[in-house]
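Asks: query-v2.txt is reproduced in full below (compact mmCIF, C-alpha atoms).
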```txt
# COMPACT_ATOMS: atom_id res chain seq x y z
CA VAL A 1 -101.21 105.64 -18.74
CA ASP A 2 -102.52 106.22 -15.22
CA TRP A 3 -102.10 102.61 -14.10
CA PRO A 4 -99.76 99.73 -15.04
CA PRO A 5 -100.97 97.22 -17.64
CA LEU A 6 -101.08 93.86 -15.86
CA TYR A 7 -104.58 94.05 -14.34
CA PRO A 8 -106.27 95.25 -17.57
CA VAL A 9 -104.50 92.46 -19.46
CA VAL A 10 -105.74 89.88 -16.95
CA LEU A 11 -109.31 91.21 -17.20
CA ALA A 12 -109.17 91.16 -21.00
CA ALA A 13 -107.97 87.55 -20.85
CA VAL A 14 -110.81 86.32 -18.58
CA PHE A 15 -113.72 88.31 -20.05
CA PRO A 16 -114.33 85.80 -22.89
CA PHE A 17 -115.16 83.14 -20.28
CA GLY A 18 -118.50 84.73 -19.39
CA SER A 19 -121.24 86.95 -20.76
CA ASP A 20 -121.39 89.22 -17.70
CA PRO A 21 -118.07 90.99 -16.95
CA ASN A 22 -119.07 91.62 -13.33
CA GLU A 23 -119.74 87.91 -12.81
CA VAL A 24 -116.39 87.01 -14.38
CA ILE A 25 -114.51 89.44 -12.13
CA ARG A 26 -116.39 88.14 -9.08
CA TRP A 27 -115.24 84.58 -9.80
CA LEU A 28 -111.73 85.76 -10.65
CA HIS A 29 -111.36 87.60 -7.35
CA ALA A 30 -112.82 84.64 -5.45
CA LEU A 31 -110.16 82.43 -7.06
CA ILE A 32 -107.42 84.95 -6.21
CA PHE A 33 -108.67 85.15 -2.62
CA GLY A 34 -108.50 81.37 -2.27
CA ILE A 35 -105.00 81.22 -3.74
CA THR A 36 -103.89 84.07 -1.45
CA ILE A 37 -105.11 82.18 1.62
CA ALA A 38 -103.29 79.05 0.47
CA ALA A 39 -100.12 81.04 -0.31
CA ALA A 40 -100.22 82.66 3.14
CA ALA A 41 -100.67 79.26 4.78
CA LEU A 42 -97.64 77.85 2.92
CA THR A 43 -95.47 80.93 3.45
CA PHE A 44 -95.99 81.19 7.20
CA ILE A 45 -96.19 77.50 8.13
CA ARG A 46 -92.61 77.73 9.51
CA GLY A 47 -93.17 81.14 11.04
CA PHE A 48 -94.65 80.00 14.36
CA THR A 49 -93.50 77.88 17.26
CA LEU A 50 -96.99 76.73 18.21
CA ARG A 51 -99.20 75.08 15.62
CA VAL A 52 -102.27 76.61 17.27
CA SER A 53 -100.87 80.09 16.66
CA TYR A 54 -100.41 79.19 13.00
CA TRP A 55 -104.02 78.06 12.61
CA ILE A 56 -105.35 81.14 14.39
CA PHE A 57 -103.30 83.27 11.97
CA CYS A 58 -104.78 81.38 9.01
CA LEU A 59 -108.31 81.92 10.34
CA ALA A 60 -107.54 85.62 10.77
CA ILE A 61 -106.68 85.74 7.05
CA VAL A 62 -109.82 83.85 6.06
CA PHE A 63 -112.04 86.17 8.14
CA SER A 64 -110.18 89.38 7.27
CA PHE A 65 -112.48 92.25 6.43
CA PRO A 66 -109.78 94.33 4.62
CA LEU A 67 -109.01 91.45 2.25
CA LEU A 68 -112.67 90.60 1.78
CA PHE A 69 -113.41 94.25 0.99
CA VAL A 70 -110.82 94.64 -1.78
CA HIS A 71 -111.70 91.26 -3.30
CA ALA A 72 -115.38 92.20 -3.42
CA MET A 73 -114.64 95.35 -5.45
CA ILE A 74 -113.10 95.72 -8.91
CA TYR A 75 -109.74 96.77 -7.54
CA ALA A 76 -106.18 95.94 -8.56
CA GLU A 77 -105.27 95.11 -4.95
CA PRO A 78 -106.31 91.40 -4.89
CA LEU A 79 -103.79 90.33 -7.53
CA PHE A 80 -101.25 92.81 -6.13
CA ILE A 81 -101.50 91.28 -2.64
CA LEU A 82 -101.07 87.77 -4.04
CA LEU A 83 -98.03 88.75 -6.12
CA VAL A 84 -96.45 90.60 -3.19
CA LEU A 85 -96.92 87.58 -0.93
CA ALA A 86 -95.41 85.29 -3.58
CA SER A 87 -92.47 87.69 -4.02
CA LEU A 88 -91.78 87.81 -0.28
CA ALA A 89 -91.91 84.00 -0.15
CA ALA A 90 -89.44 83.86 -3.06
CA LEU A 91 -87.19 86.35 -1.25
CA ILE A 92 -87.18 84.18 1.88
CA ARG A 93 -86.36 81.13 -0.21
CA TYR A 94 -83.47 82.89 -1.95
CA VAL A 95 -81.96 84.31 1.25
CA GLU A 96 -82.20 80.90 2.91
CA GLN A 97 -80.90 78.88 -0.06
CA PRO A 98 -79.36 81.10 -2.78
CA SER A 99 -79.73 79.73 -6.31
CA TRP A 100 -80.19 81.11 -9.80
CA GLN A 101 -83.61 79.50 -10.04
CA ALA A 102 -84.83 81.23 -6.87
CA PHE A 103 -83.24 84.49 -8.00
CA ALA A 104 -84.95 84.34 -11.41
CA LEU A 105 -88.29 83.58 -9.77
CA LEU A 106 -87.84 86.57 -7.47
CA ILE A 107 -87.12 88.87 -10.44
CA VAL A 108 -90.15 87.68 -12.42
CA LEU A 109 -92.54 88.00 -9.49
CA SER A 110 -91.19 91.44 -8.56
CA SER A 111 -91.64 92.64 -12.15
CA LEU A 112 -95.25 91.45 -12.11
CA VAL A 113 -95.83 93.24 -8.79
CA MET A 114 -94.69 96.55 -10.30
CA LEU A 115 -96.72 95.97 -13.47
CA GLN A 116 -99.78 95.40 -11.30
CA ARG A 117 -99.41 98.56 -9.21
CA LEU A 118 -96.84 101.34 -9.20
CA ALA A 119 -96.60 100.96 -5.42
CA GLY A 120 -94.87 97.67 -6.10
CA VAL A 121 -91.66 99.69 -6.39
CA ALA A 122 -91.60 99.52 -2.58
CA LEU A 123 -90.61 95.87 -2.98
CA VAL A 124 -87.20 96.82 -4.42
CA PRO A 125 -85.68 98.27 -1.19
CA THR A 126 -87.16 95.36 0.74
CA VAL A 127 -85.36 92.83 -1.45
CA ILE A 128 -82.08 94.77 -1.58
CA PHE A 129 -81.90 95.23 2.19
CA ALA A 130 -82.78 91.58 2.89
CA ILE A 131 -80.16 90.22 0.49
CA LEU A 132 -77.42 92.57 1.71
CA MET A 133 -78.10 91.93 5.38
CA TRP A 134 -79.05 88.26 5.62
CA SER A 135 -77.80 86.34 2.58
CA ARG A 136 -74.99 83.85 3.27
CA GLU A 137 -73.10 84.77 0.09
CA ARG A 138 -69.97 86.92 -0.05
CA PHE A 139 -70.52 90.66 0.08
CA TRP A 140 -69.47 91.45 -3.49
CA ARG A 141 -71.69 88.70 -4.82
CA ARG A 142 -74.58 90.04 -2.74
CA ALA A 143 -73.96 93.54 -4.10
CA GLY A 144 -73.85 92.21 -7.67
CA MET A 145 -77.07 90.26 -7.22
CA CYS A 146 -78.78 93.34 -5.81
CA ALA A 147 -77.68 95.43 -8.79
CA THR A 148 -78.82 92.73 -11.21
CA TYR A 149 -82.15 92.40 -9.42
CA THR A 150 -82.76 96.15 -9.49
CA VAL A 151 -82.08 96.48 -13.23
CA LEU A 152 -84.01 93.40 -14.37
CA SER A 153 -87.02 93.76 -12.06
CA LEU A 154 -87.50 97.45 -12.94
CA MET A 155 -86.99 96.96 -16.68
CA PRO A 156 -90.63 96.07 -17.60
CA LEU A 157 -91.94 99.04 -15.62
CA ALA A 158 -89.31 101.29 -17.22
CA ILE A 159 -90.46 100.17 -20.68
CA TRP A 160 -94.05 100.96 -19.69
CA THR A 161 -93.19 104.43 -18.43
CA LEU A 162 -91.21 105.17 -21.63
CA ARG A 163 -94.30 104.16 -23.58
CA ASN A 164 -96.33 106.57 -21.45
CA MET A 165 -93.87 109.36 -22.19
CA SER A 166 -94.22 108.77 -25.92
CA VAL A 167 -98.04 108.61 -25.76
CA GLN A 168 -98.89 111.37 -23.27
CA GLY A 169 -95.65 112.97 -22.17
CA THR A 170 -96.03 111.84 -18.53
CA LEU A 171 -94.64 108.92 -16.56
CA ALA A 172 -97.96 107.84 -15.05
CA GLY A 173 -100.67 110.28 -16.12
CA HIS A 174 -101.35 113.82 -15.01
CA ARG A 175 -101.25 114.17 -11.23
CA THR A 176 -101.61 117.20 -9.04
CA LEU A 177 -99.45 118.19 -6.09
CA SER A 178 -100.69 116.87 -2.77
CA PRO A 179 -101.73 119.44 -0.14
CA VAL A 180 -101.32 116.87 2.66
CA SER A 181 -98.34 116.78 5.02
CA PRO A 182 -96.86 113.50 6.30
CA ILE A 183 -98.30 113.73 9.83
CA PRO A 184 -102.01 113.39 8.86
CA LEU A 185 -101.09 110.50 6.54
CA ILE A 186 -99.25 108.68 9.32
CA VAL A 187 -102.19 109.24 11.69
CA ARG A 188 -104.63 107.96 9.05
CA LEU A 189 -102.56 104.85 8.37
CA ALA A 190 -102.20 104.14 12.08
CA ASP A 191 -105.95 104.59 12.56
CA THR A 192 -106.71 102.20 9.70
CA MET A 193 -104.29 99.51 10.87
CA SER A 194 -105.26 99.82 14.54
CA ALA A 195 -108.83 98.89 13.57
CA TRP A 196 -107.47 95.52 12.38
CA ILE A 197 -106.56 94.53 15.94
CA VAL A 198 -108.66 96.79 18.19
CA PRO A 199 -112.41 97.53 17.75
CA ARG A 200 -112.95 100.98 16.23
CA PRO A 201 -115.86 101.88 18.60
CA LEU A 202 -113.36 102.04 21.47
CA PRO A 203 -112.18 105.55 22.43
CA LEU A 204 -109.42 106.99 20.28
CA LEU A 205 -107.09 107.16 23.29
CA VAL A 206 -107.51 103.42 23.95
CA ARG A 207 -106.96 102.48 20.32
CA GLY A 208 -103.96 104.79 20.09
CA ALA A 209 -102.41 103.29 23.20
CA ALA A 210 -102.98 99.75 21.95
CA TRP A 211 -101.49 100.66 18.58
CA ALA A 212 -98.42 102.23 20.22
CA VAL A 213 -97.89 99.16 22.42
CA VAL A 214 -98.12 96.79 19.44
CA VAL A 215 -95.71 98.88 17.36
CA MET A 216 -93.19 99.11 20.20
CA ILE A 217 -93.38 95.36 20.82
CA VAL A 218 -92.87 94.56 17.13
CA ILE A 219 -89.93 96.95 16.84
CA GLY A 220 -88.42 95.70 20.10
CA LEU A 221 -88.62 92.05 19.07
CA THR A 222 -87.19 92.93 15.66
CA LEU A 223 -84.20 94.68 17.22
CA ARG A 224 -83.76 91.83 19.71
CA GLY A 225 -83.29 89.30 16.91
CA ARG A 226 -81.20 91.46 14.57
CA LYS A 227 -77.95 89.56 15.33
CA GLU A 228 -79.37 86.08 14.92
CA LYS A 229 -78.26 83.92 12.01
CA PRO A 230 -80.54 83.98 8.93
CA SER A 231 -82.94 81.09 8.72
CA ALA A 232 -86.64 80.58 8.04
CA THR A 233 -87.24 79.01 11.45
CA PRO A 234 -89.35 80.85 14.04
CA GLU A 235 -86.39 81.03 16.41
CA SER A 236 -84.22 83.16 14.12
CA GLY A 237 -87.06 85.06 12.52
CA LEU A 238 -86.12 85.45 8.84
CA ILE A 239 -89.82 85.44 7.99
CA TRP A 240 -90.40 88.00 10.74
CA LYS A 241 -87.62 90.28 9.44
CA VAL A 242 -88.79 90.16 5.82
CA MET A 243 -92.40 90.92 6.76
CA PHE A 244 -91.29 93.77 8.99
CA LEU A 245 -89.19 95.16 6.13
CA TRP A 246 -92.17 95.08 3.76
CA VAL A 247 -94.47 96.85 6.24
CA VAL A 248 -91.91 99.62 6.75
CA SER A 249 -91.00 99.93 3.06
CA TYR A 250 -94.57 100.01 1.73
CA SER A 251 -95.79 102.39 4.44
CA THR A 252 -92.88 104.76 3.86
CA PHE A 253 -93.36 104.66 0.09
CA MET A 254 -97.10 105.36 0.27
CA ILE A 255 -96.68 108.18 2.79
CA GLY A 256 -93.92 109.72 0.69
CA VAL A 257 -95.85 109.49 -2.57
CA SER A 258 -99.08 110.76 -1.01
CA THR A 259 -97.15 113.71 0.41
CA VAL A 260 -95.80 114.66 -3.02
CA THR A 261 -98.71 113.89 -5.34
CA THR A 262 -102.31 112.71 -5.28
CA THR A 263 -103.09 109.00 -5.66
CA ARG A 264 -106.60 109.54 -7.04
CA ALA A 265 -107.97 107.75 -4.01
CA GLU A 266 -108.34 108.62 -0.37
CA PRO A 267 -104.75 108.40 0.88
CA LEU A 268 -103.85 105.30 2.89
CA ASP A 269 -107.43 104.18 3.34
CA LEU A 270 -108.58 100.57 3.81
CA ARG A 271 -107.94 99.79 0.15
CA LEU A 272 -104.44 101.22 -0.17
CA SER A 273 -103.30 99.78 3.18
CA SER A 274 -104.67 96.28 2.48
CA PRO A 275 -101.31 94.96 1.15
CA LEU A 276 -100.01 95.37 4.71
CA TYR A 277 -102.71 93.23 6.33
CA ILE A 278 -101.22 89.74 6.06
CA PRO A 279 -97.64 90.69 7.10
CA PHE A 280 -98.91 92.94 9.89
CA ILE A 281 -101.25 90.32 11.35
CA TYR A 282 -98.40 87.81 11.24
CA LEU A 283 -96.22 90.23 13.23
CA VAL A 284 -99.01 90.73 15.78
CA VAL A 285 -99.81 87.04 16.26
CA ARG A 286 -96.16 86.04 16.39
CA SER A 287 -95.47 88.88 18.86
CA VAL A 288 -98.05 87.48 21.28
CA GLU A 289 -96.50 84.03 20.94
CA ARG A 290 -92.96 85.29 21.51
CA LEU A 291 -93.92 87.50 24.46
CA PHE A 292 -95.51 84.66 26.41
CA GLN A 293 -92.55 82.40 25.59
CA MET A 294 -90.15 85.02 26.94
CA LEU A 295 -92.30 85.44 30.05
CA GLU A 296 -92.34 81.68 30.58
CA GLY A 297 -88.55 81.71 30.45
CA LYS A 298 -88.44 84.29 33.24
CA LEU A 299 -90.89 82.37 35.45
CA HIS A 300 -89.18 79.11 36.28
CA HIS A 301 -91.35 76.02 36.82
CA VAL A 302 -94.41 77.91 35.51
CA ARG A 303 -95.83 76.62 32.23
CA LEU A 304 -97.49 79.79 30.97
CA GLY A 305 -96.45 80.30 27.33
CA SER A 306 -98.63 77.89 25.38
CA PRO A 307 -101.93 78.19 27.35
CA ALA A 308 -101.71 81.98 27.58
CA THR A 309 -100.91 82.30 23.88
CA VAL A 310 -103.81 80.08 22.83
CA VAL A 311 -106.34 81.81 25.08
CA SER A 312 -105.22 85.33 24.14
CA LEU A 313 -105.19 84.70 20.40
CA ALA A 314 -108.47 82.76 20.46
CA LEU A 315 -110.22 85.61 22.25
CA TRP A 316 -108.74 88.15 19.83
CA LEU A 317 -109.85 86.07 16.83
CA LEU A 318 -113.47 86.69 17.86
CA TYR A 319 -113.03 90.34 16.86
CA PRO A 320 -112.12 89.92 13.14
CA VAL A 321 -114.68 87.12 12.79
CA ALA A 322 -117.44 89.26 14.32
CA MET A 323 -116.45 92.35 12.30
CA THR A 324 -116.40 90.43 9.03
CA ALA A 325 -119.75 88.76 9.77
CA HIS A 326 -121.25 92.17 10.58
CA GLN A 327 -119.94 93.69 7.35
CA ILE A 328 -121.21 90.78 5.24
CA ASP A 329 -124.65 91.18 6.79
CA ARG A 330 -124.51 94.91 6.07
CA TRP A 331 -123.47 94.29 2.47
CA ARG A 332 -126.39 91.94 1.95
CA GLU A 333 -128.75 94.68 3.08
CA HIS A 334 -127.20 97.78 1.54
CA GLY A 335 -124.69 96.48 -0.99
CA ILE A 336 -120.90 96.70 -0.90
CA CYS A 337 -119.96 100.32 -0.18
CA ASN A 338 -123.70 101.01 -0.52
CA TYR A 339 -123.58 99.90 -4.16
CA ARG A 340 -126.41 97.45 -4.78
CA THR A 341 -127.37 96.89 -8.40
CA ASP A 342 -130.86 95.44 -7.92
CA ARG A 343 -131.85 98.25 -5.54
CA TRP A 344 -130.59 100.84 -8.02
CA LEU A 345 -132.41 99.22 -10.94
CA HIS A 346 -135.72 99.36 -9.02
CA SER A 347 -135.14 102.77 -7.45
CA ALA A 348 -137.59 105.65 -7.79
CA THR A 349 -134.89 107.76 -9.45
CA LEU A 350 -134.29 105.30 -12.26
CA GLN A 351 -138.03 104.70 -12.67
CA TRP A 352 -138.51 108.46 -13.12
CA VAL A 353 -135.71 108.58 -15.69
CA GLN A 354 -137.32 105.77 -17.66
CA ASP A 355 -140.73 107.50 -17.63
CA HIS A 356 -139.40 110.97 -18.56
CA PRO A 357 -137.23 111.28 -21.68
CA LEU A 358 -134.03 113.17 -21.12
CA SER A 359 -134.09 116.60 -22.76
CA HIS A 360 -131.02 118.08 -21.06
CA PRO A 361 -127.50 116.84 -20.28
CA VAL A 362 -127.18 114.69 -17.18
CA PHE A 363 -124.64 115.77 -14.57
CA SER A 364 -123.67 112.85 -12.35
CA ASN A 365 -120.61 110.85 -11.32
CA HIS A 366 -121.72 108.22 -13.87
CA PRO A 367 -124.13 109.94 -16.30
CA GLU A 368 -123.69 107.22 -18.93
CA ALA A 369 -125.93 104.89 -16.91
CA PHE A 370 -128.95 107.12 -17.41
CA TYR A 371 -128.41 107.37 -21.17
CA VAL A 372 -127.94 103.62 -21.49
CA ARG A 373 -131.25 102.97 -19.69
CA GLN A 374 -133.02 105.11 -22.27
CA GLY A 375 -131.15 103.64 -25.23
CA LYS A 376 -129.52 106.97 -26.11
CA LYS A 377 -126.05 107.58 -27.48
CA PHE A 378 -123.60 109.52 -25.35
CA ALA A 379 -119.99 110.68 -25.41
CA LEU A 380 -117.61 111.01 -22.45
```
How does this structure look as structure tokens?
Replies:
Amino acid sequence: VDWPPLYPVVLAAVFPFGSDPNEVIRWLHALIFGITIAAAALTFIRGFTLRVSYWIFCLAIVFSFPLLFVHAMIYAEPLFILLVLASLAALIRYVEQPSWQAFALLIVLSSLVMLQRLAGVALVPTVIFAILMWSRERFWRRAGMCATYTVLSLMPLAIWTLRNMSVQGTLAGHRTLSPVSPIPLIVRLADTMSAWIVPRPLPLLVRGAAWAVVVMIVIGLTLRGRKEKPSATPESGLIWKVMFLWVVSYSTFMIGVSTVTTTRAEPLDLRLSSPLYIPFIYLVVRSVERLFQMLEGKLHHVRLGSPATVVSLALWLLYPVAMTAHQIDRWREHGICNYRTDRWLHSATLQWVQDHPLSHPVFSNHPEAFYVRQGKKFAL
């Protein structure tokens, strides 16, 4: 009841392919990561003017610590990120060339997004706004398609929530009211996302200023191109607009939900903000490209755009590559999130448990592990 059913169904489907569930999930997430990189490459191939900018963006996805982190853990985010990216690509395709086939694909992918994570509901306003604002169809047809999309895409999730009501009497499990106000959540999200483009060891004032500059540039360029005709070319920025919509919609949804109720995870941390990484990095890289192109247009007879873009983005790329390499090295030494199975199995604590039979209940975050090591039965 607490979480939608798609991820458990996927895990149940792949578990028979291996004797060790952890090994199966590791290979599954590696496959999803590879498909996500390929999907990002195909989605954004028309989103840049310079081919070098496109390849730097692709490398930033390959060497992205937030994506690597969620794919290394048993989280629902890897498949969620892939489905969101596929849904946004389907949305771009439908807005550019409306057809029933593209519309049906968009509905199916959106339904899967919401069955993967409840936060997928944030995709609905993104799709509705994009179709209403940028589709070439007549207004009443656009309105009808939006209504049809809303009903059909939400129907599987509605069936799931009705099932939850019949089983437990709640829509999505028992959740407590959140004591957090929106301001700390916004600050936390900004701090998390600023670390994707600016090194965290820098002073908070520097990172905050860099974050504010990036946000203002992205918003300014978005407003500048709001009257341009819809197309998937870099010049008109349909890809830009859709990605900007998703970042705003998902961030607003998560902040709103975390303000009302708990999410059973640290609000808007690296894991919960990871679905924003690919669209946000695209907006950043494309912003640098567009800024230098605009500057070149102001400086006549000065060819500045392409060289400055390449140098700036290449230097910036060193940061995510270095951060990811550092984290991988740390994981090899201490384990992912300090979880390392072989170190735990050979730890002094576990050795003591094996040498001393348990005569009292064990109080731990995962007490079942101690009982299993001694071959005892237990009940949760």
Asks: Applying 12 Å and all atoms listed in the file, which residues near Leu205 of chain A remain after dropping the ones on its own chain fewer than 6 positions away? List them as an MDAnalysis selection string.
Replies: chainID A and resid 191 194 198 211:212
Asks: With all atoms listed in the file as the basis for distance, which of A:Phe48, A:Tyr94, A:Trp246, A:Phe363 is at the shortest distance from Ser287 of chain A?
Replies: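 Closest to Ser287 of chain A of all the choices is A:Phe48.
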Asks: Extract, using all atoms listed in the file, all DNA, RNA and protein residues at most 12 Å from Ala102 of chain A, discarding same-chain residues fewer than 2 positions from it, and format them as a list of chain:residue names.
Replies: A:Ala86, A:Ser87, A:Leu88, A:Ala89, A:Ala90, A:Leu91, A:Ile92, A:Arg93, A:Tyr94, A:Val95, A:Glu96, A:Gln97, A:Pro98, A:Ser99, A:Trp100, A:Ala104, A:Leu105, A:Leu106, A:Ile107, A:Val108, A:Leu109, A:Met145, A:Tyr149
Asks: Could you list, as a list in words, every residue within 10 Å of segment 179-182 of chain A, counting only C-alpha atoms and ignoring same-chain residues fewer than 2 positions away?
Replies: Thr176, Leu177, Pro184, Leu185, Ile186, Val187, Arg188, Thr252, Ile255, Gly256, Val257, Ser258, Thr259, Val260, Thr261, Thr262 and Pro267 of chain A
Asks: How would the residues just picked look written out with C-alpha atoms as a PDB file, keeping the file's coordinate frame?
Replies:
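Final output, part01.pdb:
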```
ATOM      1  CA  THR A 176    -101.610 117.200  -9.040  1.00  0.00           C
ATOM      2  CA  LEU A 177     -99.450 118.190  -6.090  1.00  0.00           C
ATOM      3  CA  PRO A 184    -102.010 113.390   8.860  1.00  0.00           C
ATOM      4  CA  LEU A 185    -101.090 110.500   6.540  1.00  0.00           C
ATOM      5  CA  ILE A 186     -99.250 108.680   9.320  1.00  0.00           C
ATOM      6  CA  VAL A 187    -102.190 109.240  11.690  1.00  0.00           C
ATOM      7  CA  ARG A 188    -104.630 107.960   9.050  1.00  0.00           C
ATOM      8  CA  THR A 252     -92.880 104.760   3.860  1.00  0.00           C
ATOM      9  CA  ILE A 255     -96.680 108.180   2.790  1.00  0.00           C
ATOM     10  CA  GLY A 256     -93.920 109.720   0.690  1.00  0.00           C
ATOM     11  CA  VAL A 257     -95.850 109.490  -2.570  1.00  0.00           C
ATOM     12  CA  SER A 258     -99.080 110.760  -1.010  1.00  0.00           C
ATOM     13  CA  THR A 259     -97.150 113.710   0.410  1.00  0.00           C
ATOM     14  CA  VAL A 260     -95.800 114.660  -3.020  1.00  0.00           C
ATOM     15  CA  THR A 261     -98.710 113.890  -5.340  1.00  0.00           C
ATOM     16  CA  THR A 262    -102.310 112.710  -5.280  1.00  0.00           C
ATOM     17  CA  PRO A 267    -104.750 108.400   0.880  1.00  0.00           C
TER      18      PRO A 267
END
```
Asks: Give me the residues within 12 Å of Val213 of chain A as a PyMOL selection string, counting all atoms listed in the file and dropping any in the same chain fewer than 6 places off.
Replies: chain A and resi 194+197-198+206-207+219-220+284+287-288
Asks: List every protein, DNA or RNA residue that has at least one atom no more than 7 Å from (-105.5, 99.4, 9.4) in the file's coordinates, counting only C-alpha atoms, and write the result as a ChimeraX atom specification.
Replies: /A:189-196,270,273
Asks: Using only C-alpha atoms, please write the residues we just selected to a file, as a PDB file, keeping the file's coordinate frame.
Replies:
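Contents of selection_18.pdb, as written:
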```pdb
ATOM      1  CA  LEU A 189    -102.560 104.850   8.370  1.00  0.00           C
ATOM      2  CA  ALA A 190    -102.200 104.140  12.080  1.00  0.00           C
ATOM      3  CA  ASP A 191    -105.950 104.590  12.560  1.00  0.00           C
ATOM      4  CA  THR A 192    -106.710 102.200   9.700  1.00  0.00           C
ATOM      5  CA  MET A 193    -104.290  99.510  10.870  1.00  0.00           C
ATOM      6  CA  SER A 194    -105.260  99.820  14.540  1.00  0.00           C
ATOM      7  CA  ALA A 195    -108.830  98.890  13.570  1.00  0.00           C
ATOM      8  CA  TRP A 196    -107.470  95.520  12.380  1.00  0.00           C
ATOM      9  CA  LEU A 270    -108.580 100.570   3.810  1.00  0.00           C
ATOM     10  CA  SER A 273    -103.300  99.780   3.180  1.00  0.00           C
TER      11      SER A 273
END
```
Asks: Please, what distance in Å, to one decimal, runs between atom CA of Ala143 of chain A and atom CA of Ile159 of chain A?
Replies: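 Interatomic distance here is 24.3 Å.
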Asks: Can you tell me, as an NGL selection string, which residues sit within 6 Å of (-97.3, 92.9, 5.3) in the file's frame, using all atoms listed in the file?
Replies: :A and (243 or 246-247 or 276-280)
Asks: Closest to Val353 of chain A among A:Phe15, A:Phe139, A:Trp240, A:Tyr371, using all atoms listed in the file?
Replies: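 Comparing A:Phe15, A:Phe139, A:Trp240, A:Tyr371 against Val353 of chain A, the winner is A:Tyr371.
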Asks: What is the atom CA of Thr150 of chain A-atom CA of Val124 of chain A distance in Å, reported with one decimal?
Replies: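 We find that atom CA of Thr150 of chain A and atom CA of Val124 of chain A lie 6.8 Å from each other.
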Asks: Let me have the centre and edge lengths in Å, one decimal, of the box along x, y and z around every listed atom of segment 316-325 of chain A with 5 Å of margin on each side, as AutoDock Vina command-line options.
Replies:
```
--center_x -114.2 --center_y 89.2 --center_z 14.4 --size_x 21.0 --size_y 16.3 --size_z 20.8
```
Asks: Of the candidates A:Val214, A:Val113, A:Leu268, A:Leu283, which shows the shortest atom-to-atom distance to Gly237 of chain A, using only C-alpha atoms?
Replies: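 Among the listed residues, A:Leu283 lies closest to Gly237 of chain A.
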Asks: Quick one, how far is atom CA of Ala314 of chain A from atom CA of His29 of chain A?
Replies: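 Distance reported for this atom pair: 28.4 Å.
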Asks: For Trp55 of chain A, which residue out of A:Thr126, A:Leu317, A:Gln168, A:Gly120 is the nearest one, using only C-alpha atoms?
Replies: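 The answer is A:Leu317, which sits nearest to Trp55 of chain A.
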Asks: When you count all atoms listed in the file, which of these residues is closest to Arg117 of chain A: A:Gln101, A:Tyr7, A:Pro203, A:Asn164?
Replies: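 Nearest candidate to Arg117 of chain A out of A:Gln101, A:Tyr7, A:Pro203, A:Asn164: A:Tyr7.
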Asks: Would you please work out which residue, of A:Val311, A:Ile336, A:Val215, A:Ala325, is nearest to His71 of chain A when using only C-alpha atoms?
Replies: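 Ranked by minimum distance to His71 of chain A, first place goes to A:Ile336.
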